[in-house]
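Undergrad: So I've got this file, entry.txt, and it contains compact mmCIF, C-alpha atoms:
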# COMPACT_ATOMS: atom_id res chain seq x y z
CA MET A 1 151.70 -90.16 -12.25
CA ARG A 2 155.42 -89.51 -12.62
CA LYS A 3 156.82 -89.30 -9.09
CA VAL A 4 160.58 -89.63 -9.54
CA TYR A 5 162.60 -86.42 -9.86
CA THR A 6 166.28 -86.07 -10.63
CA ASP A 7 167.21 -84.01 -7.58
CA ALA A 8 165.86 -82.11 -4.58
CA THR A 9 165.65 -78.79 -6.42
CA SER A 10 163.43 -80.16 -9.19
CA ALA A 11 161.33 -82.13 -6.69
CA LEU A 12 160.50 -78.93 -4.81
CA ALA A 13 159.89 -76.81 -7.91
CA GLY A 14 156.58 -74.96 -7.73
CA LEU A 15 155.87 -76.08 -4.15
CA LEU A 16 157.61 -73.41 -2.07
CA HIS A 17 156.34 -69.96 -1.14
CA ASP A 18 156.93 -67.43 1.62
CA GLY A 19 154.87 -67.95 4.75
CA MET A 20 154.14 -71.64 4.17
CA THR A 21 154.11 -74.44 6.74
CA ILE A 22 156.60 -77.30 6.32
CA MET A 23 156.82 -80.56 8.27
CA ALA A 24 160.33 -82.01 8.38
CA GLY A 25 161.02 -85.57 9.50
CA GLY A 26 163.83 -86.54 11.79
CA PHE A 27 164.81 -86.78 15.44
CA GLY A 28 167.89 -84.82 16.31
CA LEU A 29 169.98 -85.44 13.20
CA CYS A 30 168.67 -88.99 12.71
CA GLY A 31 166.48 -89.57 9.67
CA ILE A 32 166.49 -85.97 8.46
CA PRO A 33 165.93 -85.16 4.75
CA GLU A 34 169.35 -83.59 4.22
CA ASN A 35 169.03 -82.98 0.48
CA LEU A 36 165.58 -81.42 0.67
CA ILE A 37 166.53 -79.12 3.55
CA GLU A 38 169.54 -77.85 1.60
CA ALA A 39 167.39 -77.26 -1.49
CA ILE A 40 164.94 -75.21 0.58
CA LYS A 41 167.85 -73.16 1.94
CA ILE A 42 169.10 -72.37 -1.55
CA THR A 43 165.71 -71.00 -2.65
CA GLY A 44 165.72 -68.41 0.14
CA VAL A 45 162.00 -68.91 0.82
CA LYS A 46 161.23 -67.16 4.11
CA ASN A 47 158.76 -66.62 6.98
CA LEU A 48 158.39 -70.38 7.28
CA THR A 49 156.51 -72.21 10.00
CA VAL A 50 158.37 -75.48 10.51
CA ILE A 51 156.91 -78.47 12.34
CA SER A 52 159.66 -80.79 13.52
CA ASN A 53 160.73 -82.49 16.72
CA ASN A 54 163.66 -80.08 16.93
CA CYS A 55 165.54 -77.61 14.75
CA GLY A 56 168.71 -79.54 14.01
CA VAL A 57 171.92 -78.17 15.48
CA ASP A 58 173.89 -75.03 14.81
CA GLY A 59 174.86 -75.09 11.16
CA TRP A 60 173.28 -78.44 10.24
CA GLY A 61 169.88 -79.91 9.49
CA LEU A 62 167.09 -77.39 9.98
CA GLY A 63 169.71 -75.25 11.68
CA ARG A 64 170.78 -74.35 8.13
CA LEU A 65 167.44 -72.63 7.55
CA LEU A 66 167.66 -70.93 10.94
CA ASP A 67 171.13 -69.60 10.07
CA ASN A 68 169.68 -68.18 6.86
CA GLY A 69 166.82 -66.36 8.63
CA GLN A 70 164.17 -68.38 6.82
CA ILE A 71 162.20 -69.72 9.80
CA LYS A 72 159.62 -67.50 11.49
CA LYS A 73 158.04 -70.07 13.80
CA MET A 74 158.87 -73.55 15.11
CA ILE A 75 156.36 -76.11 16.38
CA SER A 76 158.63 -78.50 18.27
CA SER A 77 159.19 -80.58 21.38
CA TYR A 78 162.94 -80.16 21.93
CA VAL A 79 165.34 -77.32 21.16
CA GLY A 80 168.28 -77.89 23.48
CA GLU A 81 171.03 -78.55 20.90
CA ASN A 82 170.78 -75.25 19.04
CA LYS A 83 172.31 -72.10 20.53
CA LEU A 84 171.12 -69.91 17.66
CA PHE A 85 167.57 -71.16 18.24
CA ALA A 86 167.76 -70.01 21.86
CA GLN A 87 169.20 -66.64 20.86
CA GLN A 88 166.52 -65.98 18.26
CA TYR A 89 163.72 -67.09 20.57
CA LEU A 90 164.87 -65.02 23.55
CA SER A 91 165.34 -61.95 21.34
CA GLY A 92 161.83 -62.28 19.89
CA GLN A 93 162.98 -63.11 16.35
CA LEU A 94 161.61 -66.65 16.47
CA GLU A 95 158.17 -67.82 17.60
CA LEU A 96 157.93 -71.15 19.38
CA GLU A 97 154.95 -73.44 19.98
CA PHE A 98 156.28 -75.98 22.46
CA ASN A 99 154.74 -79.46 22.80
CA PRO A 100 155.33 -82.53 24.93
CA GLN A 101 156.94 -84.98 22.52
CA GLY A 102 154.12 -87.54 22.57
CA THR A 103 151.57 -84.78 22.09
CA LEU A 104 153.45 -83.48 19.06
CA ALA A 105 153.55 -86.96 17.54
CA GLU A 106 149.83 -87.44 18.13
CA ARG A 107 148.96 -83.98 16.76
CA ILE A 108 150.74 -84.91 13.53
CA ARG A 109 149.15 -88.37 13.39
CA ALA A 110 145.72 -86.85 14.03
CA GLY A 111 146.21 -84.29 11.28
CA GLY A 112 147.12 -87.01 8.82
CA ALA A 113 144.06 -89.02 9.84
CA GLY A 114 141.70 -86.07 9.40
CA ILE A 115 141.09 -85.70 13.14
CA PRO A 116 140.82 -81.97 13.97
CA ALA A 117 141.36 -82.29 17.73
CA PHE A 118 141.70 -84.75 20.62
CA PHE A 119 141.94 -84.74 24.43
CA THR A 120 144.98 -85.83 26.43
CA LYS A 121 145.96 -85.80 30.11
CA THR A 122 149.50 -84.69 29.24
CA GLY A 123 150.01 -81.08 30.25
CA VAL A 124 146.92 -80.65 32.41
CA GLY A 125 147.64 -78.22 35.23
CA THR A 126 150.78 -76.85 33.54
CA VAL A 127 151.56 -73.98 31.17
CA VAL A 128 151.03 -76.45 28.32
CA ALA A 129 147.28 -76.16 28.97
CA ASP A 130 147.19 -72.36 29.10
CA GLY A 131 144.54 -70.99 26.76
CA LYS A 132 143.29 -74.45 25.78
CA GLU A 133 140.00 -76.14 26.52
CA VAL A 134 140.10 -78.51 29.50
CA ARG A 135 137.28 -81.03 29.84
CA GLU A 136 136.49 -83.74 32.35
CA PHE A 137 135.97 -87.37 31.35
CA ASN A 138 135.24 -90.07 33.95
CA GLY A 139 136.39 -87.79 36.73
CA GLU A 140 139.75 -86.94 35.09
CA LYS A 141 140.75 -83.68 33.41
CA TYR A 142 142.03 -83.63 29.84
CA VAL A 143 143.36 -80.80 27.67
CA MET A 144 142.31 -80.42 24.04
CA GLU A 145 145.04 -80.41 21.42
CA THR A 146 144.51 -79.74 17.71
CA GLY A 147 145.72 -81.88 14.82
CA LEU A 148 148.54 -80.55 12.64
CA VAL A 149 148.75 -80.43 8.86
CA ALA A 150 151.29 -78.75 6.59
CA ASP A 151 151.47 -77.31 3.10
CA LEU A 152 154.48 -79.55 2.51
CA SER A 153 156.01 -82.55 4.27
CA ILE A 154 159.62 -83.51 3.58
CA VAL A 155 160.63 -86.98 4.78
CA LYS A 156 163.61 -89.32 4.61
CA ALA A 157 163.39 -93.09 4.08
CA TRP A 158 165.87 -95.93 3.70
CA THR A 159 164.28 -97.48 0.61
CA GLY A 160 161.52 -96.37 -1.72
CA ASP A 161 160.15 -97.51 -5.04
CA THR A 162 159.18 -95.40 -8.01
CA GLU A 163 155.53 -95.49 -6.90
CA GLY A 164 156.46 -93.77 -3.64
CA ASN A 165 156.17 -96.71 -1.24
CA LEU A 166 158.63 -96.17 1.61
CA VAL A 167 160.55 -98.26 4.13
CA TYR A 168 162.37 -96.60 7.03
CA ARG A 169 165.40 -98.02 8.82
CA LYS A 170 165.31 -98.58 12.57
CA THR A 171 165.23 -95.37 14.68
CA ALA A 172 165.51 -93.24 11.54
CA ARG A 173 161.80 -93.95 11.17
CA ASN A 174 160.91 -91.58 14.07
CA PHE A 175 158.48 -88.82 12.94
CA ASN A 176 158.73 -89.56 9.22
CA PRO A 177 155.76 -91.94 8.76
CA MET A 178 153.15 -89.70 10.40
CA MET A 179 154.51 -86.59 8.69
CA ALA A 180 154.22 -88.30 5.33
CA THR A 181 150.45 -88.53 5.91
CA ALA A 182 149.96 -84.98 7.23
CA GLY A 183 151.31 -82.89 4.36
CA LYS A 184 149.08 -81.61 1.59
CA ILE A 185 152.03 -82.60 -0.59
CA THR A 186 154.74 -85.01 0.57
CA VAL A 187 158.19 -85.16 -0.98
CA ALA A 188 160.46 -88.04 0.04
CA GLU A 189 164.16 -88.64 -0.34
CA VAL A 190 165.52 -92.17 -0.10
CA GLU A 191 168.90 -93.86 0.05
CA HIS A 192 167.84 -96.70 -2.25
CA LEU A 193 165.35 -96.34 -5.10
CA VAL A 194 163.95 -99.58 -6.54
CA LYS A 195 161.32 -100.71 -9.02
CA PRO A 196 157.71 -101.45 -8.02
CA GLY A 197 157.39 -104.97 -6.63
CA GLU A 198 160.90 -105.10 -5.20
CA ILE A 199 159.66 -104.16 -1.73
CA ASP A 200 157.69 -106.83 0.13
CA PRO A 201 154.23 -105.29 0.66
CA ASP A 202 154.32 -106.41 4.31
CA HIS A 203 157.46 -104.30 4.83
CA ILE A 204 156.07 -101.00 3.54
CA HIS A 205 155.73 -98.35 6.25
CA THR A 206 154.34 -95.50 4.12
CA PRO A 207 152.09 -96.42 1.16
CA GLY A 208 152.88 -94.58 -2.04
CA ILE A 209 149.45 -92.92 -2.11
CA TYR A 210 150.81 -90.38 0.39
CA VAL A 211 153.96 -89.52 -1.59
CA LYS A 212 153.70 -87.17 -4.56
CA ARG A 213 157.39 -86.79 -5.40
CA ILE A 214 160.50 -88.83 -4.62
CA ILE A 215 164.24 -88.50 -5.18
CA LEU A 216 167.30 -90.66 -4.73
CA GLY A 217 169.34 -88.72 -2.17
CA LYS A 218 173.10 -88.35 -2.32
CA ASP A 219 176.15 -87.23 -0.34
CA TYR A 220 174.64 -88.04 3.05
CA GLU A 221 176.77 -86.88 5.98
CA LYS A 222 174.64 -88.47 8.70
CA ARG A 223 176.31 -86.41 11.38
CA ILE A 224 176.32 -87.68 14.95
CA GLU A 225 174.60 -85.21 17.26
CA GLN A 226 176.26 -86.36 20.49
CA ARG A 227 179.22 -88.73 20.35
CA THR A 228 179.61 -90.69 23.58
CA THR A 229 182.57 -93.00 24.03
CA ARG A 230 184.24 -94.83 26.87
CA LYS A 231 187.80 -95.92 27.49
CA ARG A 232 188.80 -99.38 26.41
CA VAL A 233 189.07 -101.79 29.35
Let me see whether you can do it: turn the structure in this file into structure tokens.

TA:
Amino acid sequence: MRKVYTDATSALAGLLHDGMTIMAGGFGLCGIPENLIEAIKITGVKNLTVISNNCGVDGWGLGRLLDNGQIKKMISSYVGENKLFAQQYLSGQLELEFNPQGTLAERIRAGGAGIPAFFTKTGVGTVVADGKEVREFNGEKYVMETGLVADLSIVKAWTGDTEGNLVYRKTARNFNPMMATAGKITVAEVEHLVKPGEIDPDHIHTPGIYVKRIILGKDYEKRIEQRTTRKRV
């Protein structure tokens, strides 16, 4: 199977449609698939449900899709860096399914593993559990959470080979590996594209069987979400 595409636009060709669900890797602005997000913006596809830890920041990352009115619903765990997100949510333009961060990660992992639901103590007795089944195990209460899957997963890796095997770099790994398993189709962008056999098998984080299409990304800005400095002593 030919997996390598020349650019993000061609890699997404035939995969996008209004009303679809997209998983997008990244944490803040770290490890986000910049090229694929921009290509989605250009298509104008709308009424999207996006599963991601957050929605970028105003004007960057997934915030680009928010600016363009393309996102209908977010399934997230953190939204504090995006003023437009807050405005759209409070005005009723944007739906939000809020999750504790660990619960979101496990929902994605479960979806990729074919597990439809699981029980967790996180959120019991809070609004997180509203409307959900609560069951007792060994004298403790647990809330049921469902696994998440998407029509499309877009992920970002440090290095990939032409067979789709991926290696992530440090904290840029974040949600990317589990999202790569939970999309019906996964498209990856990488900073370095190599030939099969050039990656040590023991170093592979995402096996190529999960990746249907891959591109060599370009023009990465890698913006810093919050720059913290201190005076020189």

Undergrad: Show which residues sit within 10 Å of region 32-36 of chain A, as a ChimeraX atom specification. Count all atoms listed in the file, and ignore same-chain residues fewer than 5 positions away.

TA: /A:7-9,11-12,24-27,41-42,52,56,60-62,154-157,172-176,187-190,215-222

Undergrad: Using only C-alpha atoms, which of the listed residues (A:Asn165, A:Thr103, A:Thr171, A:Thr43) sits closest to Leu15 (chain A)?

TA: A:Thr43

Undergrad: Excluding region 64-71 of chain A and any residue of its chain fewer than 6 positions from it, enumerate the residues within 7 Å of it, using all atoms listed in the file, and give them as a ChimeraX atom specification.

TA: /A:41,44-50

Undergrad: Which residue out of A:Thr146, A:Thr229, A:Asn54, A:Ser91 has the minimum interatomic distance to Met74 (chain A) when only C-alpha atoms are used?

TA: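 Residue with the minimum atom-to-atom distance to Met74 (chain A): A:Asn54.
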
Undergrad: Using only C-alpha atoms, which residues sit within 7 Å of region 202-212 of chain A once same-chain residues fewer than 3 positions away are excluded, as number ranges by chain?

TA: A: 3, 163-168, 177, 180-181, 185-188, 199

Undergrad: Using only C-alpha atoms, pick whichever of A:Cys55, A:Arg232, A:Tyr89, A:Thr120 has the shortest atom-to-atom distance to Gly102 (chain A).

TA: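 Among the listed residues, the smallest separation from Gly102 (chain A) belongs to A:Thr120.
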
Undergrad: Any idea what the distance is between CA of Gly139 (chain A) and CA of Arg107 (chain A)?

TA: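 Between these atoms lies a distance of 23.9 Å.
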
Undergrad: With only C-alpha atoms as the counted atoms, please give the residues lying no more than 9 Å from Leu148 (chain A), apart from itself and same-chain residues fewer than 5 positions off, as a short mmCIF file (atom, residue, chain, number, x, y, z; two decimals) with C-alpha atoms, keeping the file's coordinate frame.

TA:
data_model
loop_
_atom_site.label_atom_id
_atom_site.label_comp_id
_atom_site.auth_asym_id
_atom_site.auth_seq_id
_atom_site.Cartn_x
_atom_site.Cartn_y
_atom_site.Cartn_z
CA ILE A 51 156.91 -78.47 12.34
CA LEU A 104 153.45 -83.48 19.06
CA GLU A 106 149.83 -87.44 18.13
CA ARG A 107 148.96 -83.98 16.76
CA ILE A 108 150.74 -84.91 13.53
CA ARG A 109 149.15 -88.37 13.39
CA ALA A 110 145.72 -86.85 14.03
CA GLY A 111 146.21 -84.29 11.28
CA GLY A 112 147.12 -87.01 8.82
CA PRO A 116 140.82 -81.97 13.97
CA ALA A 117 141.36 -82.29 17.73
CA ALA A 182 149.96 -84.98 7.23
#

Undergrad: What's around Lys73 (chain A) at 6 Å? Count all atoms listed in the file, leave out sequence neighbours fewer than 3 positions away in its own chain, and write the answer as a list in words.

TA: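 Answer for this query is Thr49, Leu94, Glu95 and Leu96 of chain A.
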
Undergrad: Restricting the calculation to all atoms listed in the file: of A:Asp200, A:Asp130, A:Asp18, A:Glu225, which residue gets closest to Cys30 (chain A)?

TA: A:Glu225

Undergrad: Provide the CA of Val57 (chain A) to CA of Glu81 (chain A) distance in Å, to one decimal place.

TA: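 Answer for the CA of Val57 (chain A) to CA of Glu81 (chain A) separation: 5.5 Å.
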
Undergrad: What's the separation between CA of Asn99 (chain A) and CA of Gly114 (chain A), in Å to one decimal place?

TA: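 These two atoms are separated by 19.8 Å.
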
Undergrad: Take region 7-30 of chain A from the block and save it with N, CA, C and O atoms, as a JSON list (two decimals), in the first residue's frame.

TA:
[["chain", "number", "residue", "atom", "x", "y", "z"],
["A", 7, "ASP", "N", 1.82, 16.12, 0.19],
["A", 7, "ASP", "CA", 1.51, 17.23, 1.09],
["A", 7, "ASP", "C", 0.23, 16.92, 1.86],
["A", 7, "ASP", "O", -0.43, 15.90, 1.62],
["A", 8, "ALA", "N", -0.12, 17.81, 2.78],
["A", 8, "ALA", "CA", -1.28, 17.59, 3.64],
["A", 8, "ALA", "C", -2.59, 17.56, 2.86],
["A", 8, "ALA", "O", -3.49, 16.77, 3.15],
["A", 9, "THR", "N", -2.70, 18.41, 1.85],
["A", 9, "THR", "CA", -3.93, 18.47, 1.07],
["A", 9, "THR", "C", -4.20, 17.15, 0.36],
["A", 9, "THR", "O", -5.32, 16.62, 0.41],
["A", 10, "SER", "N", -3.18, 16.59, -0.28],
["A", 10, "SER", "CA", -3.37, 15.32, -0.98],
["A", 10, "SER", "C", -3.59, 14.17, 0.00],
["A", 10, "SER", "O", -4.34, 13.24, -0.29],
["A", 11, "ALA", "N", -2.96, 14.24, 1.18],
["A", 11, "ALA", "CA", -3.11, 13.18, 2.17],
["A", 11, "ALA", "C", -4.53, 13.12, 2.72],
["A", 11, "ALA", "O", -5.00, 12.06, 3.15],
["A", 12, "LEU", "N", -5.22, 14.25, 2.73],
["A", 12, "LEU", "CA", -6.58, 14.31, 3.27],
["A", 12, "LEU", "C", -7.65, 14.18, 2.19],
["A", 12, "LEU", "O", -8.85, 14.13, 2.50],
["A", 13, "ALA", "N", -7.23, 14.10, 0.94],
["A", 13, "ALA", "CA", -8.18, 14.04, -0.18],
["A", 13, "ALA", "C", -9.11, 12.84, -0.03],
["A", 13, "ALA", "O", -8.67, 11.71, 0.18],
["A", 14, "GLY", "N", -10.41, 13.10, -0.13],
["A", 14, "GLY", "CA", -11.41, 12.04, -0.07],
["A", 14, "GLY", "C", -11.77, 11.59, 1.33],
["A", 14, "GLY", "O", -12.62, 10.71, 1.49],
["A", 15, "LEU", "N", -11.14, 12.18, 2.36],
["A", 15, "LEU", "CA", -11.38, 11.73, 3.74],
["A", 15, "LEU", "C", -12.30, 12.66, 4.51],
["A", 15, "LEU", "O", -12.85, 12.26, 5.54],
["A", 16, "LEU", "N", -12.45, 13.90, 4.07],
["A", 16, "LEU", "CA", -13.17, 14.90, 4.85],
["A", 16, "LEU", "C", -14.61, 15.06, 4.39],
["A", 16, "LEU", "O", -14.91, 15.02, 3.20],
["A", 17, "HIS", "N", -15.50, 15.25, 5.36],
["A", 17, "HIS", "CA", -16.90, 15.56, 5.03],
["A", 17, "HIS", "C", -17.53, 16.28, 6.21],
["A", 17, "HIS", "O", -17.11, 16.15, 7.36],
["A", 18, "ASP", "N", -18.53, 17.07, 5.94],
["A", 18, "ASP", "CA", -19.23, 17.82, 6.97],
["A", 18, "ASP", "C", -19.80, 16.87, 8.02],
["A", 18, "ASP", "O", -20.30, 15.79, 7.69],
["A", 19, "GLY", "N", -19.71, 17.28, 9.29],
["A", 19, "GLY", "CA", -20.31, 16.51, 10.36],
["A", 19, "GLY", "C", -19.46, 15.35, 10.87],
["A", 19, "GLY", "O", -19.92, 14.57, 11.71],
["A", 20, "MET", "N", -18.24, 15.22, 10.40],
["A", 20, "MET", "CA", -17.40, 14.10, 10.82],
["A", 20, "MET", "C", -16.74, 14.37, 12.17],
["A", 20, "MET", "O", -16.76, 15.48, 12.69],
["A", 21, "THR", "N", -16.16, 13.30, 12.74],
["A", 21, "THR", "CA", -15.43, 13.39, 14.00],
["A", 21, "THR", "C", -13.94, 13.23, 13.73],
["A", 21, "THR", "O", -13.52, 12.28, 13.06],
["A", 22, "ILE", "N", -13.15, 14.17, 14.23],
["A", 22, "ILE", "CA", -11.70, 14.17, 14.02],
["A", 22, "ILE", "C", -10.98, 14.19, 15.36],
["A", 22, "ILE", "O", -11.30, 15.00, 16.23],
["A", 23, "MET", "N", -10.03, 13.28, 15.55],
["A", 23, "MET", "CA", -9.11, 13.34, 16.68],
["A", 23, "MET", "C", -7.86, 14.07, 16.24],
["A", 23, "MET", "O", -7.33, 13.80, 15.16],
["A", 24, "ALA", "N", -7.38, 14.98, 17.07],
["A", 24, "ALA", "CA", -6.18, 15.76, 16.73],
["A", 24, "ALA", "C", -5.18, 15.68, 17.87],
["A", 24, "ALA", "O", -5.47, 16.11, 18.99],
["A", 25, "GLY", "N", -4.01, 15.15, 17.60],
["A", 25, "GLY", "CA", -2.98, 15.01, 18.62],
["A", 25, "GLY", "C", -2.42, 16.35, 19.06],
["A", 25, "GLY", "O", -2.57, 17.37, 18.40],
["A", 26, "GLY", "N", -1.76, 16.32, 20.20],
["A", 26, "GLY", "CA", -1.14, 17.53, 20.73],
["A", 26, "GLY", "C", -1.57, 17.81, 22.15],
["A", 26, "GLY", "O", -2.57, 17.29, 22.65],
["A", 27, "PHE", "N", -0.79, 18.65, 22.81],
["A", 27, "PHE", "CA", -1.07, 19.09, 24.17],
["A", 27, "PHE", "C", -0.69, 20.55, 24.23],
["A", 27, "PHE", "O", 0.49, 20.88, 24.11],
["A", 28, "GLY", "N", -1.68, 21.42, 24.37],
["A", 28, "GLY", "CA", -1.39, 22.83, 24.15],
["A", 28, "GLY", "C", -1.02, 23.01, 22.69],
["A", 28, "GLY", "O", -1.79, 22.65, 21.80],
["A", 29, "LEU", "N", 0.17, 23.54, 22.44],
["A", 29, "LEU", "CA", 0.67, 23.66, 21.06],
["A", 29, "LEU", "C", 1.82, 22.70, 20.80],
["A", 29, "LEU", "O", 2.48, 22.78, 19.76],
["A", 30, "CYS", "N", 2.04, 21.77, 21.74],
["A", 30, "CYS", "CA", 3.15, 20.82, 21.64],
["A", 30, "CYS", "C", 2.71, 19.55, 20.93],
["A", 30, "CYS", "O", 1.77, 18.88, 21.36]]
